[in-house]
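Working notes, beginning with the structure itself.
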Amino acid sequence: MTEPLVHTGHALDGAVALVTLSRPDVANAQNVGLLTALDDAFAAAMADDTVKVVVLQGAGRHFSAGHDIGTPLRDIHLPFGRRATTWYPHADKPPTEATFVREQEAYVGFCRRWRELPKPTIAKVHGACVAGGLMLAWICDLIVASDDAFFADPVLRMGIPGVEWFAHPFVMNPRAAKEFLFTGDRMSAEEALRVGMINRVVPRAELDEAVLALAGRIAEKPRFALALAKQVINQAEDRMGLRDVVASTYGYHHLAHAHMAATSDDHIGGQDARSMKAALKKEEG
Ligand code: ZN
């Protein structure tokens with residue numbers, strides 16, 4: 001029997017859905033199986049009238065270490081159904097096309113869809129929130145982190161200018177975004193708060209309580225007004241360019257994938273989970 005990749009629980013008499021990424025043995029690395037399960041969980045929370053607020057969290061020691069680039073269940077070559085886009089199947093296509101089409105659905109498509117969920121979402125971040133992990137936190141409306149959390153986009157090490165959901169210069173100021181990308185260094189929760197990327201930092205032991213208190217405050221408000229307030233802010237962000245930037249930088253992201261595929265043995269510069277880990281360890285001495 002296999003455990004579900006995403007688990008949903010409830011709190012505050014059902015007003016808060018606690019959606020948990022549940023691949024703790026691999027730091028909640030995201031394969032399409034997990035992302036599809038996450039989409040199911042979000043859809044169920046939207047359909048449930050009792051649920052007012054959704055909290056997204058990670059089981060185990062980390063929020064999410066990013067897209068699955070090295071576990072035995074990495075599923076990038078497998079076909080999967082389309083939900084967020086109408087893109088055609090990728091698995092039987094030549095490499096550059098396959099990667100471009102796959103990530104339209106699995107990464108950018110899902111993120112766009114989840115950012116537009118009509119109920120408020122809170123990312124509850126502890127431990128690593130790295131690369132693809134950032135994408136899941138960034139598409140939530142609010143981010144509350146524990147003091148042990150850290151954020152990083154190290155995909156530049158793989159020759160790629162940043163993760164697929166290219167919101168970096170919107171979730172922090174452009175100069176901070178450049179340093180974040182150029183160095184690939186970890187950003188502490190305190191620093192993330194300072195650059196405006198997250199809402200709150202709390203001690204690890206108080207994270208559950210702090211998020212529930214915040215979710216509870218929001219859950220008291222009228223559902224429709226919350227949905228409209230969310231749309232208003234999202235539309236303002238889109239008019240500042242978020243939606244267009246994500247769409248236009250997607251081409252650069254895939255130019256980089258194609259370049260790495262042409263000059264190394266993979267579209268991510270020959271990197272895998274093990275080599276990324278080794279590179280990080282070396283830097284940390
Ligand atoms: Zn990519």
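The way I read the labels, and the way they are meant: chains A, B, ... in the order of the structure tokens, residue 1 as the first residue of every chain, and ligand 1 as the first ligand shown, with later ones counted on from there.
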
Item to check | Exercise: Phe150 of chain A partners within 10 Å, only C-alpha atoms, chain neighbours under 2 positions left out, as a ChimeraX atom specification | outcome: /A:62-63,125-130,145-148,152,185-192

Checklist entry - Using only C-alpha atoms and all ligand atoms, which protein or nucleic acid residues are at most 8 Å from ligand 1, as a VMD selection string? => result chain A and resid 99 to 100 103 160 163 to 164 253 to 254 257 268

Next on the checklist: Considering only helix (DSSP H, G or I) as DSSP defines it on the backbone, what residues of segment 50-250 of chain A qualify? List them as a ChimeraX atom specification.
Outcome noted: /A:95-115,132-138,154-158,168-171,174-183,189-194,204-219,223-239,242-250

Export C-alpha atoms of the chosen residues as an mmCIF file, in the first residue's frame?
```
data_model
loop_
_atom_site.group_PDB
_atom_site.id
_atom_site.type_symbol
_atom_site.label_atom_id
_atom_site.label_comp_id
_atom_site.auth_asym_id
_atom_site.auth_seq_id
_atom_site.Cartn_x
_atom_site.Cartn_y
_atom_site.Cartn_z
ATOM 1 C CA PRO A 95 13.692 16.497 -25.953
ATOM 2 C CA THR A 96 13.473 20.316 -26.243
ATOM 3 C CA GLU A 97 9.806 20.249 -27.178
ATOM 4 C CA ALA A 98 9.030 17.653 -24.508
ATOM 5 C CA THR A 99 10.603 19.747 -21.740
ATOM 6 C CA PHE A 100 8.938 22.958 -22.909
ATOM 7 C CA VAL A 101 5.496 21.345 -23.114
ATOM 8 C CA ARG A 102 5.827 19.394 -19.874
ATOM 9 C CA GLU A 103 6.833 22.388 -17.764
ATOM 10 C CA GLN A 104 4.020 24.510 -19.216
ATOM 11 C CA GLU A 105 1.583 22.208 -17.508
ATOM 12 C CA ALA A 106 3.445 20.754 -14.544
ATOM 13 C CA TYR A 107 5.118 23.910 -13.290
ATOM 14 C CA VAL A 108 3.861 27.191 -14.735
ATOM 15 C CA GLY A 109 0.340 25.979 -15.489
ATOM 16 C CA PHE A 110 -0.240 24.577 -12.026
ATOM 17 C CA CYS A 111 1.315 27.604 -10.323
ATOM 18 C CA ARG A 112 -0.859 30.032 -12.286
ATOM 19 C CA ARG A 113 -3.936 27.968 -11.480
ATOM 20 C CA TRP A 114 -3.138 27.720 -7.779
ATOM 21 C CA ARG A 115 -2.309 31.400 -7.444
ATOM 22 C CA GLY A 132 10.528 24.500 -6.927
ATOM 23 C CA GLY A 133 9.697 24.828 -3.215
ATOM 24 C CA LEU A 134 9.779 28.601 -3.678
ATOM 25 C CA MET A 135 7.176 28.311 -6.412
ATOM 26 C CA LEU A 136 4.699 26.625 -4.084
ATOM 27 C CA ALA A 137 5.290 29.191 -1.339
ATOM 28 C CA TRP A 138 5.180 32.157 -3.718
ATOM 29 C CA PRO A 154 20.187 27.396 -6.791
ATOM 30 C CA VAL A 155 19.087 26.403 -10.296
ATOM 31 C CA LEU A 156 21.504 28.955 -11.745
ATOM 32 C CA ARG A 157 24.161 26.379 -10.851
ATOM 33 C CA MET A 158 22.472 24.150 -13.438
ATOM 34 C CA HIS A 168 11.638 36.740 -8.154
ATOM 35 C CA PRO A 169 11.518 40.508 -8.870
ATOM 36 C CA PHE A 170 7.924 40.651 -7.599
ATOM 37 C CA VAL A 171 8.280 38.757 -4.343
ATOM 38 C CA PRO A 174 14.839 43.548 -8.107
ATOM 39 C CA ARG A 175 18.257 44.183 -6.561
ATOM 40 C CA ALA A 176 17.649 41.592 -3.846
ATOM 41 C CA ALA A 177 16.371 39.229 -6.557
ATOM 42 C CA LYS A 178 19.621 39.620 -8.503
ATOM 43 C CA GLU A 179 21.746 38.814 -5.467
ATOM 44 C CA PHE A 180 19.456 35.865 -4.626
ATOM 45 C CA LEU A 181 19.912 34.470 -8.145
ATOM 46 C CA PHE A 182 23.562 35.394 -8.814
ATOM 47 C CA THR A 183 24.819 33.844 -5.577
ATOM 48 C CA ALA A 189 13.704 33.697 7.227
ATOM 49 C CA GLU A 190 14.715 36.996 8.869
ATOM 50 C CA GLU A 191 16.229 38.232 5.604
ATOM 51 C CA ALA A 192 13.177 37.028 3.647
ATOM 52 C CA LEU A 193 11.032 39.100 5.999
ATOM 53 C CA ARG A 194 13.297 42.128 5.509
ATOM 54 C CA ARG A 204 9.830 26.909 15.246
ATOM 55 C CA ALA A 205 7.935 25.750 18.317
ATOM 56 C CA GLU A 206 5.268 28.398 17.745
ATOM 57 C CA LEU A 207 4.779 27.924 13.997
ATOM 58 C CA ASP A 208 1.642 25.753 14.115
ATOM 59 C CA GLU A 209 -0.044 28.030 16.602
ATOM 60 C CA ALA A 210 0.902 31.250 14.778
ATOM 61 C CA VAL A 211 -0.393 30.000 11.436
ATOM 62 C CA LEU A 212 -3.636 28.750 12.915
ATOM 63 C CA ALA A 213 -4.179 32.055 14.714
ATOM 64 C CA LEU A 214 -3.658 33.961 11.458
ATOM 65 C CA ALA A 215 -5.849 31.554 9.490
ATOM 66 C CA GLY A 216 -8.519 31.861 12.164
ATOM 67 C CA ARG A 217 -8.541 35.668 11.899
ATOM 68 C CA ILE A 218 -9.029 35.398 8.152
ATOM 69 C CA ALA A 219 -11.638 32.638 8.423
ATOM 70 C CA ARG A 223 -15.963 34.358 1.921
ATOM 71 C CA PHE A 224 -16.895 36.420 -1.121
ATOM 72 C CA ALA A 225 -15.141 39.559 0.109
ATOM 73 C CA LEU A 226 -11.987 37.533 0.707
ATOM 74 C CA ALA A 227 -12.174 36.093 -2.805
ATOM 75 C CA LEU A 228 -12.622 39.560 -4.287
ATOM 76 C CA ALA A 229 -9.822 41.107 -2.214
ATOM 77 C CA LYS A 230 -7.520 38.350 -3.418
ATOM 78 C CA GLN A 231 -8.466 38.993 -7.036
ATOM 79 C CA VAL A 232 -7.919 42.714 -6.643
ATOM 80 C CA ILE A 233 -4.381 42.298 -5.306
ATOM 81 C CA ASN A 234 -3.540 39.613 -7.867
ATOM 82 C CA GLN A 235 -4.788 41.829 -10.679
ATOM 83 C CA ALA A 236 -2.709 44.708 -9.352
ATOM 84 C CA GLU A 237 0.364 42.454 -9.352
ATOM 85 C CA ASP A 238 -0.480 41.339 -12.881
ATOM 86 C CA ARG A 239 -0.741 44.956 -14.016
ATOM 87 C CA LEU A 242 3.864 39.511 -12.919
ATOM 88 C CA ARG A 243 1.797 37.471 -15.337
ATOM 89 C CA ASP A 244 3.590 38.808 -18.411
ATOM 90 C CA VAL A 245 7.030 38.392 -16.875
ATOM 91 C CA VAL A 246 6.315 34.774 -15.953
ATOM 92 C CA ALA A 247 5.135 34.152 -19.529
ATOM 93 C CA SER A 248 7.995 35.931 -21.280
ATOM 94 C CA THR A 249 10.820 34.627 -19.092
ATOM 95 C CA TYR A 250 9.582 31.100 -19.759
#
```

Item to check | Backbone-only DSSP, strand (DSSP E) members of segment 127-233 of chain A, as a PyMOL selection string | outcome: chain A and resi 128-130+142-146+150-152+187-188+200-202

Spatial neighbours of Asp68 of chain A, 9 Å, only C-alpha atoms, chain gap at least 2 places, as a compact mmCIF listing (two decimals) with N, CA, C and O atoms, in the first residue's frame:
```txt
# COMPACT_ATOMS: atom_id res chain seq x y z
N VAL A 26 12.14 12.38 1.03
CA VAL A 26 12.94 13.07 0.00
C VAL A 26 12.68 14.59 0.08
O VAL A 26 12.68 15.29 -0.94
N ASN A 28 10.15 16.31 0.47
CA ASN A 28 8.99 16.73 -0.32
C ASN A 28 9.37 17.21 -1.72
O ASN A 28 8.84 18.21 -2.23
N ALA A 29 10.30 16.48 -2.33
CA ALA A 29 10.64 16.74 -3.73
C ALA A 29 9.38 16.53 -4.57
O ALA A 29 8.61 15.59 -4.34
N GLN A 30 9.18 17.41 -5.53
CA GLN A 30 7.93 17.43 -6.28
C GLN A 30 8.05 16.68 -7.60
O GLN A 30 8.72 17.12 -8.52
N ASN A 31 7.40 15.52 -7.68
CA ASN A 31 7.21 14.90 -8.98
C ASN A 31 5.77 15.22 -9.43
O ASN A 31 5.01 15.85 -8.68
N VAL A 32 5.42 14.80 -10.62
CA VAL A 32 4.08 15.15 -11.11
C VAL A 32 3.00 14.44 -10.30
O VAL A 32 1.91 14.98 -10.10
N ALA A 65 12.18 20.71 -1.00
CA ALA A 65 13.52 20.92 -1.57
C ALA A 65 13.46 21.19 -3.07
O ALA A 65 14.50 21.36 -3.70
N GLY A 66 12.25 21.23 -3.66
CA GLY A 66 12.16 21.59 -5.08
C GLY A 66 11.63 20.47 -5.94
O GLY A 66 11.07 19.49 -5.44
N GLY A 70 16.06 13.74 -8.84
CA GLY A 70 16.96 12.61 -8.63
C GLY A 70 16.43 11.43 -7.83
O GLY A 70 17.18 10.51 -7.56
N THR A 71 15.16 11.42 -7.43
CA THR A 71 14.69 10.26 -6.66
C THR A 71 14.25 9.16 -7.65
O THR A 71 14.02 9.43 -8.84
N LEU A 73 11.52 7.95 -8.04
CA LEU A 73 10.17 8.22 -8.54
C LEU A 73 10.10 9.49 -9.40
O LEU A 73 9.02 10.00 -9.68
N ARG A 74 11.27 9.98 -9.82
CA ARG A 74 11.26 11.10 -10.76
C ARG A 74 10.49 10.66 -12.00
O ARG A 74 10.74 9.59 -12.56
N ASP A 75 9.52 11.48 -12.42
CA ASP A 75 8.61 10.99 -13.46
C ASP A 75 8.54 11.90 -14.69
O ASP A 75 7.52 11.97 -15.36
N ILE A 76 9.66 12.58 -14.99
CA ILE A 76 9.59 13.58 -16.08
C ILE A 76 9.33 12.96 -17.45
O ILE A 76 8.90 13.65 -18.35
N GLY A 132 11.96 24.75 -6.73
CA GLY A 132 10.53 24.50 -6.93
C GLY A 132 9.72 24.68 -5.64
O GLY A 132 8.52 24.95 -5.69
N ALA A 273 20.21 15.40 -8.04
CA ALA A 273 20.06 15.72 -6.61
C ALA A 273 21.37 15.52 -5.86
O ALA A 273 21.76 16.33 -5.02
```

Item to check | Among the residues A:Asp48, A:Glu116, A:Asp272, A:Glu220, the one that comes closest to His10 of chain A [using only C-alpha atoms] | outcome: A:Asp48

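Atom CA of Asp40 of chain A is found 15.4 Å from atom CA of Gln57 of chain A.
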
Checklist entry - What is the atom CA of Ala131 of chain A-atom CA of Pro203 of chain A distance in Å, reported with one decimal? => result 23.3 Å

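The space separating atom CA of Pro24 of chain A from atom CA of Leu5 of chain A comes to 9.4 Å.
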